[in-house]
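Shown here: start_8.csv, CSV, C-alpha atoms and all ligand atoms.
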```
chain,number,residue,atom,x,y,z
P,1,MET,CA,16.4,-0.8,-18.2
P,2,HIS,CA,16.4,-0.6,-14.4
P,3,SER,CA,18.8,2.0,-13.0
P,4,SER,CA,21.8,0.4,-11.3
P,5,LYS,CA,22.4,3.6,-9.3
P,6,ALA,CA,23.0,3.0,-5.6
P,7,LEU,CA,20.3,4.1,-3.2
P,8,PRO,CA,20.9,7.4,-1.6
P,9,ASP,CA,22.3,7.2,2.0
P,10,LEU,CA,19.4,7.7,4.5
P,11,SER,CA,21.4,6.6,7.6
P,12,GLY,CA,19.9,8.2,10.7
P,13,ARG,CA,16.5,8.8,9.0
P,14,ARG,CA,13.5,7.3,10.9
P,15,VAL,CA,10.8,6.0,8.5
P,16,VAL,CA,7.4,4.7,9.4
P,17,VAL,CA,5.8,2.3,6.9
P,18,PRO,CA,2.2,1.4,7.9
P,19,GLY,CA,1.1,-1.4,5.6
P,20,GLY,CA,4.7,-2.3,5.3
P,21,THR,CA,4.0,-6.0,5.8
P,22,GLY,CA,2.0,-6.1,2.6
P,23,ALA,CA,3.1,-7.1,-0.9
P,24,VAL,CA,4.1,-3.6,-2.0
P,25,GLY,CA,5.2,-2.7,1.5
P,26,GLU,CA,7.8,-5.4,1.5
P,27,GLY,CA,9.7,-3.6,-1.3
P,28,VAL,CA,9.4,-0.3,0.4
P,29,VAL,CA,10.7,-1.7,3.7
P,30,ARG,CA,13.6,-3.5,2.0
P,31,SER,CA,14.6,-0.4,0.1
P,32,TYR,CA,14.7,1.9,3.2
P,33,LEU,CA,16.6,-0.7,5.1
P,34,ALA,CA,19.1,-1.0,2.2
P,35,ALA,CA,19.4,2.8,2.2
P,36,GLY,CA,20.5,2.7,5.9
P,37,ALA,CA,17.3,4.1,7.5
P,38,ASP,CA,15.7,3.0,10.7
P,39,VAL,CA,12.4,1.5,9.6
P,40,VAL,CA,9.3,1.2,11.8
P,41,VAL,CA,6.7,-1.3,10.5
P,42,PRO,CA,3.5,-1.2,12.6
P,43,THR,CA,1.3,-4.2,12.1
P,44,ARG,CA,-2.0,-5.1,13.6
P,45,THR,CA,-1.1,-8.7,14.7
P,46,GLN,CA,1.8,-10.5,16.3
P,47,GLU,CA,1.3,-13.4,13.8
P,48,ARG,CA,1.8,-11.0,10.9
P,49,ALA,CA,4.9,-9.5,12.5
P,50,GLU,CA,6.5,-12.9,12.8
P,51,GLU,CA,5.5,-13.9,9.3
P,52,PHE,CA,7.0,-10.6,7.9
P,53,ARG,CA,10.3,-11.1,9.8
P,54,ARG,CA,10.5,-14.6,8.2
P,55,VAL,CA,9.8,-13.0,4.7
P,56,LEU,CA,12.6,-10.5,5.1
P,57,GLY,CA,15.1,-13.1,6.3
P,58,ASP,CA,18.6,-11.5,6.5
P,59,ALA,CA,17.3,-8.1,5.5
P,60,ALA,CA,15.6,-7.8,8.9
P,61,THR,CA,18.5,-6.1,10.6
P,62,ASP,CA,18.4,-4.3,14.0
P,63,ARG,CA,17.3,-1.2,12.1
P,64,LEU,CA,13.9,-2.9,11.5
P,65,HIS,CA,11.4,-2.1,14.3
P,66,LEU,CA,8.3,-4.3,14.0
P,67,VAL,CA,5.6,-2.9,16.4
P,68,VAL,CA,2.4,-4.7,17.0
P,69,HIS,CA,-0.2,-1.9,17.1
P,70,ASP,CA,-3.5,-0.9,15.5
P,71,TYR,CA,-2.6,2.2,13.6
P,72,THR,CA,-5.8,2.3,11.6
P,73,THR,CA,-7.9,4.4,14.0
P,74,PHE,CA,-7.4,8.0,14.9
P,75,ALA,CA,-6.5,7.2,18.5
P,76,GLY,CA,-4.3,4.3,17.5
P,77,ALA,CA,-2.3,6.3,14.9
P,78,GLU,CA,-1.9,9.1,17.4
P,79,GLN,CA,-0.6,6.8,20.1
P,80,LEU,CA,1.9,5.3,17.6
P,81,ALA,CA,3.2,8.7,16.6
P,82,GLU,CA,3.6,9.7,20.2
P,83,GLU,CA,5.3,6.4,21.1
P,84,MET,CA,7.7,6.7,18.1
P,85,GLU,CA,8.6,10.3,19.1
P,86,ARG,CA,9.4,9.0,22.6
P,87,ARG,CA,11.4,6.0,21.4
P,88,LEU,CA,13.2,7.3,18.4
P,89,GLY,CA,13.3,11.1,19.2
P,90,GLY,CA,11.2,11.9,16.1
P,91,VAL,CA,10.0,10.7,12.7
P,92,ASP,CA,11.5,11.9,9.4
P,93,ASP,CA,9.4,10.1,6.7
P,94,VAL,CA,6.2,8.1,6.3
P,95,VAL,CA,5.4,5.8,3.4
P,96,ALA,CA,1.8,4.4,3.5
P,97,PRO,CA,1.1,1.4,1.3
P,98,ILE,CA,-2.0,0.6,3.3
P,99,GLY,CA,-4.7,-1.4,1.6
P,100,GLY,CA,-5.4,-4.1,-0.7
P,101,TRP,CA,-7.8,-5.2,-3.4
P,102,TRP,CA,-11.6,-5.7,-3.3
P,103,GLY,CA,-13.9,-6.7,-6.1
P,104,GLY,CA,-16.9,-8.7,-7.3
P,105,LYS,CA,-19.8,-6.3,-7.1
P,106,ARG,CA,-21.1,-3.4,-9.1
P,107,LEU,CA,-21.8,-0.2,-7.3
P,108,TRP,CA,-25.6,-0.9,-6.9
P,109,GLU,CA,-24.8,-4.4,-5.6
P,110,ILE,CA,-22.6,-3.4,-2.6
P,111,ASP,CA,-23.9,-3.5,0.9
P,112,GLU,CA,-23.2,-1.5,4.0
P,113,SER,CA,-20.4,-3.9,5.1
P,114,ASP,CA,-18.6,-3.6,1.7
P,115,TRP,CA,-18.8,0.1,1.9
P,116,GLN,CA,-17.4,0.2,5.5
P,117,SER,CA,-14.5,-2.2,4.8
P,118,ALA,CA,-13.4,-1.3,1.3
P,119,PHE,CA,-14.0,2.5,1.4
P,120,VAL,CA,-14.5,3.8,5.0
P,121,GLY,CA,-12.1,1.5,6.8
P,122,LEU,CA,-9.2,2.0,4.4
P,123,ALA,CA,-9.7,5.7,3.8
P,124,ALA,CA,-10.0,6.2,7.6
P,125,ALA,CA,-6.7,4.3,8.2
P,126,HIS,CA,-4.9,6.6,5.7
P,127,VAL,CA,-6.4,9.8,7.2
P,128,ALA,CA,-5.6,8.5,10.8
P,129,VAL,CA,-1.9,8.0,9.9
P,130,LEU,CA,-1.6,11.3,7.9
P,131,ARG,CA,-3.2,13.4,10.7
P,132,ALA,CA,-1.0,11.8,13.4
P,133,PHE,CA,2.3,12.0,11.5
P,134,LEU,CA,2.3,14.8,9.0
P,135,PRO,CA,2.5,17.7,11.5
P,136,ARG,CA,5.3,15.9,13.3
P,137,LEU,CA,7.5,15.1,10.3
P,138,ASN,CA,10.9,16.6,10.2
P,139,ALA,CA,11.1,19.3,7.4
P,140,ARG,CA,13.7,17.3,5.4
P,141,GLY,CA,11.4,14.3,5.3
P,142,ALA,CA,8.6,13.3,3.0
P,143,TYR,CA,5.1,11.8,3.4
P,144,THR,CA,4.3,9.3,0.6
P,145,VAL,CA,1.0,7.7,0.0
P,146,ILE,CA,0.8,4.6,-2.3
P,147,VAL,CA,-2.2,4.0,-4.5
P,148,GLY,CA,-3.1,2.1,-7.7
P,149,ASP,CA,-4.1,3.2,-11.2
P,150,SER,CA,-7.7,2.5,-10.2
P,151,ALA,CA,-7.6,5.9,-8.6
P,152,VAL,CA,-7.7,7.4,-12.1
P,153,THR,CA,-9.3,4.6,-14.1
P,154,PRO,CA,-12.7,3.1,-13.2
P,155,VAL,CA,-12.5,-0.6,-12.7
P,156,PRO,CA,-15.9,-2.2,-13.2
P,157,GLY,CA,-16.7,-4.5,-10.3
P,158,SER,CA,-14.1,-2.9,-8.1
P,159,GLY,CA,-15.6,0.6,-7.9
P,160,LEU,CA,-15.1,1.0,-4.2
P,161,VAL,CA,-11.3,0.6,-4.6
P,162,SER,CA,-11.4,3.2,-7.4
P,163,MET,CA,-13.4,5.7,-5.3
P,164,GLU,CA,-11.2,5.2,-2.2
P,165,GLN,CA,-7.9,5.5,-4.1
P,166,ALA,CA,-9.2,8.6,-5.9
P,167,ALA,CA,-10.0,10.1,-2.5
P,168,LEU,CA,-6.4,9.4,-1.3
P,169,LEU,CA,-5.0,11.2,-4.4
P,170,MET,CA,-7.1,14.2,-3.5
P,171,MET,CA,-5.9,13.8,0.2
P,172,ARG,CA,-2.4,14.3,-1.1
P,173,GLN,CA,-3.3,17.4,-3.0
P,174,VAL,CA,-5.2,18.9,0.0
P,175,ALA,CA,-2.3,18.1,2.4
P,176,ALA,CA,0.2,19.7,0.0
P,177,ALA,CA,-1.9,22.8,-0.3
P,178,GLU,CA,-2.6,23.0,3.4
P,179,THR,CA,1.0,22.7,4.4
P,180,ALA,CA,1.8,25.4,1.7
P,181,GLY,CA,5.0,23.8,0.6
P,182,GLN,CA,6.3,23.3,4.2
P,183,GLN,CA,6.0,19.5,4.0
P,184,ARG,CA,6.8,17.4,1.0
P,185,VAL,CA,3.8,15.1,0.2
P,186,PHE,CA,4.0,12.5,-2.6
P,187,ALA,CA,1.7,10.0,-4.2
P,188,LEU,CA,3.0,7.0,-6.1
P,189,VAL,CA,0.3,5.7,-8.5
P,190,LEU,CA,1.0,2.1,-9.4
P,191,GLY,CA,0.0,-0.2,-12.2
P,192,PRO,CA,0.2,-4.0,-11.5
P,193,VAL,CA,3.3,-4.7,-9.3
P,194,ARG,CA,5.6,-7.7,-9.3
P,195,THR,CA,5.5,-8.8,-5.6
P,196,ARG,CA,6.1,-11.9,-3.5
P,197,LEU,CA,2.3,-12.6,-3.7
P,198,ALA,CA,1.8,-12.0,-7.4
P,199,ASP,CA,4.5,-12.1,-10.0
P,200,SER,CA,3.3,-12.4,-13.5
P,201,GLY,CA,6.9,-12.8,-14.7
P,202,ASP,CA,6.4,-9.8,-17.0
P,203,PRO,CA,9.8,-8.0,-16.7
P,204,GLU,CA,8.4,-4.7,-17.9
P,205,LEU,CA,6.2,-4.4,-14.8
P,206,VAL,CA,7.4,-2.3,-11.9
P,207,SER,CA,8.6,-4.5,-8.9
P,208,ALA,CA,7.9,-3.8,-5.3
P,209,GLU,CA,11.5,-3.0,-4.7
P,210,GLN,CA,11.5,-0.5,-7.6
P,211,VAL,CA,8.5,1.2,-5.9
P,212,GLY,CA,10.6,1.3,-2.7
P,213,ALA,CA,13.6,2.8,-4.6
P,214,VAL,CA,11.4,5.6,-5.9
P,215,ALA,CA,10.0,6.2,-2.4
P,216,VAL,CA,13.6,6.4,-1.0
P,217,ALA,CA,14.6,8.8,-3.8
P,218,ALA,CA,11.6,11.0,-3.0
P,219,SER,CA,12.7,11.1,0.7
P,220,ALA,CA,16.2,12.0,-0.3
P,221,ALA,CA,15.2,14.7,-2.9
P,222,ALA,CA,14.9,17.6,-0.5
P,223,ALA,CA,14.6,20.1,-3.4
P,224,VAL,CA,11.5,18.4,-4.8
P,225,SER,CA,8.5,19.8,-3.0
P,226,GLY,CA,6.1,16.8,-3.5
P,227,LEU,CA,4.5,15.2,-6.5
P,228,GLU,CA,2.2,12.6,-7.9
P,229,ILE,CA,4.3,10.0,-9.7
P,230,ARG,CA,2.9,7.3,-12.1
P,231,LEU,CA,4.7,4.0,-11.9
P,232,ARG,CA,3.2,1.6,-14.4
P,233,SER,CA,6.4,0.0,-15.7
P,234,GLU,CA,10.1,-0.4,-15.0
P,235,ALA,CA,10.8,2.4,-17.5
P,236,ASP,CA,8.5,4.7,-15.4
P,237,ALA,CA,10.5,3.8,-12.3
P,238,ASP,CA,13.8,4.7,-14.0
P,239,GLU,CA,12.4,8.0,-15.3
P,240,ALA,CA,11.1,8.9,-11.8
P,241,LEU,CA,14.5,8.0,-10.2
P,242,ALA,CA,16.3,10.1,-12.8
P,243,MET,CA,14.0,13.1,-12.1
P,244,LEU,CA,14.2,12.7,-8.3
P,245,GLN,CA,18.0,12.2,-8.4
P,246,GLY,CA,18.4,15.3,-10.5
P,247,ASP,CA,20.0,13.7,-13.5
P,248,GLN,CA,17.1,14.0,-16.0
P,249,PRO,CA,18.3,13.5,-19.6
P,250,ALA,CA,18.8,16.9,-21.3
P,251,THR,CA,16.0,16.8,-23.8
P,252,THR,CA,13.1,15.3,-21.8
P,253,GLY,CA,11.2,15.9,-18.7
P,254,ALA,CA,11.1,19.0,-16.5
P,255,VAL,CA,10.1,22.4,-17.7
P,256,VAL,CA,11.0,25.7,-16.1
P,257,ALA,CA,8.6,28.6,-16.7
P,258,ALA,CA,9.8,32.1,-15.9
P,259,SER,CA,7.7,35.3,-16.2
P,260,THR,CA,7.8,38.8,-14.9
P,261,MET,CA,4.9,40.9,-13.8
P,262,GLU,CA,5.0,44.7,-13.6
P,263,PRO,CA,2.3,45.8,-11.1
P,264,LYS,CA,0.3,49.0,-11.6
P,265,ASP,CA,1.3,51.9,-9.3
P,266,GLY,CA,0.3,51.2,-5.7
P,267,ARG,CA,-1.1,47.7,-6.5
P,268,ARG,CA,2.1,45.6,-5.8
P,269,LYS,CA,0.7,44.4,-2.4
P,270,ASP,CA,-2.6,43.4,-4.0
P,271,LEU,CA,-0.8,41.5,-6.7
P,272,LEU,CA,1.4,39.7,-4.1
P,273,ALA,CA,-1.8,38.8,-2.1
P,274,VAL,CA,-3.4,37.2,-5.2
P,275,LEU,CA,-0.1,35.2,-5.9
P,276,ALA,CA,0.1,34.2,-2.2
P,277,GLU,CA,-3.5,33.0,-2.4
P,278,LEU,CA,-2.8,30.9,-5.5
P,279,ALA,CA,0.6,29.5,-4.3
P,280,PRO,CA,-0.7,26.5,-2.1
P,281,GLN,CA,-3.0,25.4,-4.9
P,282,ILE,CA,-0.2,25.6,-7.5
P,283,ARG,CA,2.4,23.8,-5.3
P,284,ALA,CA,-0.2,21.0,-4.7
P,285,GLU,CA,-0.7,20.4,-8.5
P,286,PRO,CA,0.4,16.8,-9.4
P,287,GLY,CA,3.3,17.9,-11.6
P,288,CYS,CA,4.5,21.0,-9.8
P,289,LEU,CA,8.1,20.7,-8.6
P,290,HIS,CA,8.7,24.4,-7.6
P,291,TYR,CA,6.8,27.7,-7.4
P,292,SER,CA,8.4,30.9,-6.1
P,293,VAL,CA,7.9,34.7,-6.5
P,294,HIS,CA,10.9,37.1,-6.3
P,295,GLY,CA,11.4,40.9,-6.2
P,296,PRO,CA,14.4,43.0,-7.0
P,297,ARG,CA,17.1,42.5,-4.3
P,298,GLY,CA,17.0,45.2,-1.6
P,299,ALA,CA,14.0,47.0,-3.1
P,300,ALA,CA,10.4,47.0,-1.6
P,301,ASP,CA,9.0,47.9,-5.0
P,302,GLY,CA,9.4,46.9,-8.7
P,303,PRO,CA,8.5,44.0,-10.9
P,304,LEU,CA,8.0,40.4,-9.7
P,305,LEU,CA,9.7,37.4,-11.2
P,306,ILE,CA,7.8,34.1,-11.0
P,307,ILE,CA,9.7,30.9,-11.3
P,308,GLN,CA,7.9,27.6,-11.7
P,309,LYS,CA,9.2,24.1,-12.4
P,310,PHE,CA,7.0,21.3,-13.7
P,311,ALA,CA,7.8,17.6,-14.1
P,312,SER,CA,6.7,17.6,-17.8
P,313,ILE,CA,5.3,19.8,-20.5
P,314,GLU,CA,2.0,18.0,-20.0
P,315,ALA,CA,2.0,19.0,-16.3
P,316,PHE,CA,2.7,22.6,-17.3
P,317,THR,CA,-0.1,22.6,-19.8
P,318,GLN,CA,-2.5,21.2,-17.2
P,319,HIS,CA,-1.3,23.9,-14.8
P,320,SER,CA,-2.0,26.6,-17.4
P,321,ALA,CA,-5.5,25.3,-17.9
P,322,SER,CA,-6.2,25.2,-14.1
P,323,VAL,CA,-5.1,28.8,-13.5
P,324,ALA,CA,-6.6,30.3,-16.7
P,325,ASP,CA,-9.6,31.7,-14.8
P,326,GLN,CA,-7.3,33.7,-12.6
P,327,ILE,CA,-5.7,35.6,-15.4
P,328,PRO,CA,-8.3,38.5,-15.6
P,329,ARG,CA,-7.8,39.0,-11.8
P,330,ILE,CA,-4.1,39.3,-12.2
P,331,ALA,CA,-4.2,41.3,-15.4
P,332,ALA,CA,-6.3,44.0,-13.6
P,333,LEU,CA,-3.4,44.6,-11.3
P,334,LEU,CA,-0.7,44.8,-14.0
P,335,ALA,CA,0.8,47.9,-15.7
P,336,LYS,CA,1.0,45.9,-19.0
P,337,PRO,CA,-1.1,43.0,-20.3
P,338,PRO,CA,0.4,39.6,-19.1
P,339,VAL,CA,2.5,37.6,-21.5
P,340,PRO,CA,2.9,33.8,-21.4
P,341,PRO,CA,5.9,32.7,-19.5
P,342,THR,CA,9.1,31.8,-21.3
P,343,LEU,CA,9.7,28.0,-21.1
P,344,TYR,CA,13.1,26.5,-20.5
P,345,GLU,CA,14.2,22.8,-20.6
P,346,PRO,CA,17.4,21.2,-19.3
P,347,VAL,CA,20.4,21.5,-21.7
P,348,LEU,CA,23.0,20.0,-19.4
P,401,LIG,N1,-0.1,-5.3,-5.3
P,401,LIG,C1,-0.3,-4.6,-6.4
P,401,LIG,O1,0.0,-5.1,-7.5
P,401,LIG,C2,-0.7,-3.2,-6.4
P,401,LIG,C3,-0.9,-2.5,-7.6
P,401,LIG,C4,-1.3,-1.2,-7.7
P,401,LIG,C5,-1.5,-0.5,-6.5
P,401,LIG,N2,-1.3,-1.1,-5.3
P,401,LIG,C6,-1.6,-0.3,-4.1
P,401,LIG,O2,-0.5,-0.5,-3.1
P,401,LIG,C7,-1.1,-0.4,-1.8
P,401,LIG,C8,-0.7,-1.7,-1.0
P,401,LIG,O3,-1.2,-2.8,-1.7
P,401,LIG,P1,-0.7,-4.3,-1.4
P,401,LIG,O4,-1.0,-5.1,-2.6
P,401,LIG,O5,0.7,-4.3,-0.9
P,401,LIG,O6,-1.7,-4.8,-0.3
P,401,LIG,P2,-1.6,-5.9,0.8
P,401,LIG,O7,-0.6,-6.9,0.4
P,401,LIG,O8,-2.9,-6.3,1.1
P,401,LIG,O9,-1.0,-5.1,2.1
P,401,LIG,C9,-1.6,-4.0,2.6
P,401,LIG,C10,-1.2,-3.9,4.1
P,401,LIG,O10,-2.0,-2.8,4.6
P,401,LIG,C11,-2.3,-3.1,5.9
P,401,LIG,N3,-3.8,-2.8,6.2
P,401,LIG,C12,-4.2,-1.9,7.1
P,401,LIG,N4,-5.5,-1.8,7.1
P,401,LIG,C13,-6.0,-2.7,6.2
P,401,LIG,C14,-7.2,-3.1,5.8
P,401,LIG,N5,-8.4,-2.5,6.3
P,401,LIG,N6,-7.3,-4.0,4.8
P,401,LIG,C15,-6.2,-4.6,4.3
P,401,LIG,N7,-4.9,-4.3,4.6
P,401,LIG,C16,-4.8,-3.3,5.6
P,401,LIG,C17,-2.0,-4.6,6.2
P,401,LIG,O11,-0.9,-4.6,7.2
P,401,LIG,P3,-1.1,-5.2,8.7
P,401,LIG,O12,-2.1,-6.3,8.6
P,401,LIG,O13,0.3,-5.7,8.9
P,401,LIG,O14,-1.4,-4.1,9.6
P,401,LIG,C18,-1.5,-5.1,4.9
P,401,LIG,O15,-0.3,-5.8,5.0
P,401,LIG,C19,-2.6,-0.3,-2.0
P,401,LIG,O16,-3.0,1.1,-1.9
P,401,LIG,C20,-2.9,-0.8,-3.4
P,401,LIG,O17,-4.0,-0.2,-4.0
P,401,LIG,C21,-0.9,-2.4,-5.2
```

Rewrite the structure from the file as C-alpha cells, please.
Ligand SMILES: NC(=O)c1ccc[n+]([C@@H]2O[C@H](COP(=O)([O-])OP(=O)(O)OC[C@H]3O[C@@H](n4cnc5c(N)ncnc54)[C@H](OP(=O)(O)O)[C@@H]3O)[C@@H](O)[C@H]2O)c1
Amino acid sequence: MHSSKALPDLSGRRVVVPGGTGAVGEGVVRSYLAAGADVVVPTRTQERAEEFRRVLGDAATDRLHLVVHDYTTFAGAEQLAEEMERRLGGVDDVVAPIGGWWGGKRLWEIDESDWQSAFVGLAAAHVAVLRAFLPRLNARGAYTVIVGDSAVTPVPGSGLVSMEQAALLMMRQVAAAETAGQQRVFALVLGPVRTRLADSGDPELVSAEQVGAVAVAASAAAAVSGLEIRLRSEADADEALAMLQGDQPATTGAVVAASTMEPKDGRRKDLLAVLAELAPQIRAEPGCLHYSVHGPRGAADGPLLIIQKFASIEAFTQHSASVADQIPRIAALLAKPPVPPTLYEPVL
C-alpha cells in the first residue's frame, strides 16, 4: 500500500531536474514542488517548456523555474550551473531522469549513429550535468541519477540502453567513492513506471510521483550517505520511503555491523591507513548507509571500533564478499586474528 505520509518539507531547497520534462521527470518535479522546494527544469526547447507548463497545470507555481538551455554538453551544463548559482545563490540537489528508450537492433546490427545517440549522447549528458553540479552542491543536498532495470538486466534488442544505464550506475559508485562520503549520491533503478505517457493500469507498478517521493525523501535523509535503490513496484517505493524516513519496521531491513580491531604494537597508523584506503570504496557500495571508524575517546592509541550500516542483510553479504580479499592485509596488522562483526537489527 502506498505510504500516505506527507512529503518532508524542503522549503528553501533549490533543486535542478535535467530531464524533468520527461515522463518520469514530471513525477519528480511535482513531488519537489509539493515538498516546497524551488525547482529548476532546464529543457532544450521553448516548445517543450511550454508543453510541460501545460502538463503541470496548477502545480506550476512560481517556485517552478523553466529554463530553455542545452544542458547536455559539458559547456552547456557548466553555463547552467554558473547561471543557477548567480540567480538562486546556489544549488542544493540535482535529480537527473535524463534519457529515454531505444530499441530494435541487436548489438551487431547497430550503426555509428545509433551508438552516438543511444550511448554516447545520453552518457555524455549525464556526465556533463554531474561534473558541473556535483562539486557545487550544498553538503546537505543529494545528487540522484535515475536509470532503469535494464542497467542490471540485458534487454535483447535494446542493448545500447542496457550498456548506457549500467555505465550510469557505475558513475554513481565512482562519484560516491571519489567524494569519499562528502556528497550523497543516489541511483534510483526503476522497473516499468506508470507515467502520463504510458500507464498500463497495473496498480502494483511504481508511479512517476512515487519515484519523485523517493527522490524527495533521499534529499531530506541527511543521515543516509547515498545508495542504489531498486523501485520495481509500489511496495518497493513504500519500503524505500520507510528506510529513508527512518521508520523501518523492526524486523526487516537495515543491518548494523560492529567490530573491534586490536592493532599490533606500533602498527595502529598502518591499520588506519588501510581502513582509510578502503573507506571510499565501502561507502560507495550500493547498500552501504554508513561506515565509520572510532578510537577510544581522548586516547591516541588503543583498539578501533568499526561501525557499518547496510540497507539489508543481502547488501551486507555482498559487502563481505567484496572486501574478503583485504582480510589478510588487515589480519597482518592485528594483535589477534580478526573475528566476523556482530550484526544488529532494529528492535524499536
Ligand atoms: N518511463 C519508464 O517507464 C521508465 C522505466 C524505467 C526507467 N526509466 C528511466 O528514467 C529515465 C527517464 O525516462 P523517461 O521515460 O522519463 O524518458 P523521457 O520521457 O524520454 O524523458 C527524458 C527527458 O530527458 C531529456 N533528454 C536530454 N537528452 C536527451 C536525449 N539525448 N534523448 C532523449 N531525452 C533527452 C529530455 O528533456 P528535454 O527535451 O526537455 O531537454 C526528456 O524530456 C531514463 O533513465 C529511463 O531509462 C524510465

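Checking P:Glu345, P:Glu285, P:Asp38, P:Glu262 one by one against Arg87 of chain P, counting only C-alpha atoms, you find the shortest gap at P:Asp38.
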
Which polymer residues have any atom within 7 Å of an atom of segment 229-231 of chain P, counting all atoms listed in the file, with same-chain residues fewer than 6 positions away left out, as a ChimeraX atom specification? /P:187-191,206,237

My list of candidates is P:Leu275, P:Val127, P:Ala222, P:Ala49. Which is closest to ligand LIG 401 (chain P) when distances are computed with only C-alpha atoms and all ligand atoms?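 Closest to ligand LIG 401 (chain P), using only C-alpha atoms and all ligand atoms: P:Ala49.
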
Find the residues near segment 95-110 of chain P: any atom within 7 Å, counting only C-alpha atoms, skip ones fewer than 3 places away on the same chain, and give them as a list in words.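 Listing them by chain and then by number gives Val16, Val17, Pro18, Gly19, Gly20, Val24, Gly25, Asp114, Trp115, Ala118, Leu122, Tyr143, Thr144, Val145, Ile146, Pro156, Gly157, Ser158, Gly159 and Val161 of chain P.
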
Residues within 12 Å of Leu88 of chain P, please, as a ChimeraX atom specification. Count all atoms listed in the file; anything in the same chain fewer than 4 positions from it doesn't count. /P:12-16,38-40,63,65,80-84,92

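Between atom CA of Lys269 of chain P and atom CA of Arg283 of chain P there is a distance of 20.9 Å.
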
Pick from P:Ala124, P:Leu134, P:Val193, P:Leu10: nearest to ligand LIG 401 (chain P), with only C-alpha atoms and all ligand atoms counted?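 For ligand LIG 401 (chain P), the nearest of the given residues is P:Val193.
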
Have a look at atom CA of His294 of chain P and atom CA of Gly141 of chain P and let me know their distance in Å, one decimal. 25.6 Å

Within 10 Å of Ala240 of chain P using all atoms listed in the file, minus same-chain residues under 6 positions, as a ChimeraX atom specification: /P:213-215,217-218,229-231,234,246,248,253,311

Distance of atom CA of Phe310 of chain P from atom CA of Ala254 of chain P, expressed in Å to one decimal place: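 Rounded to one decimal, the two atoms are 5.5 Å apart.
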
Looking at only C-alpha atoms, which of P:Glu277, P:Asp238, P:Asp265, P:Glu228 is the one that sits closest to Ala315 of chain P?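 Of the candidates, the smallest distance to Ala315 of chain P is held by P:Glu228.
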
I'd like the contact shell of segment 337-342 of chain P - 9 Å cut-off, all atoms listed in the file, skipping same-chain residues fewer than 2 positions apart - returned as an NGL selection string. :P and (256-262 or 306 or 327 or 330-332 or 334-335 or 344)

Between P:Thr61, P:Gln173, P:Thr195, P:Thr153, which has the minimum distance to ligand LIG 401 (chain P) (counting only C-alpha atoms and all ligand atoms)? P:Thr195

Which residue is closest to ligand LIG 401 (chain P)? Choose from P:Asp149, P:Asp111, P:Glu78, P:Glu51 and count all atoms listed in the file.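 Nearest to ligand LIG 401 (chain P): P:Asp149.
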
What residues have an atom no more than 12 Å from (16.5, -3.6, 8.3) in the file's own frame, counting all atoms listed in the file, and can you write them as a count of residues only? 32
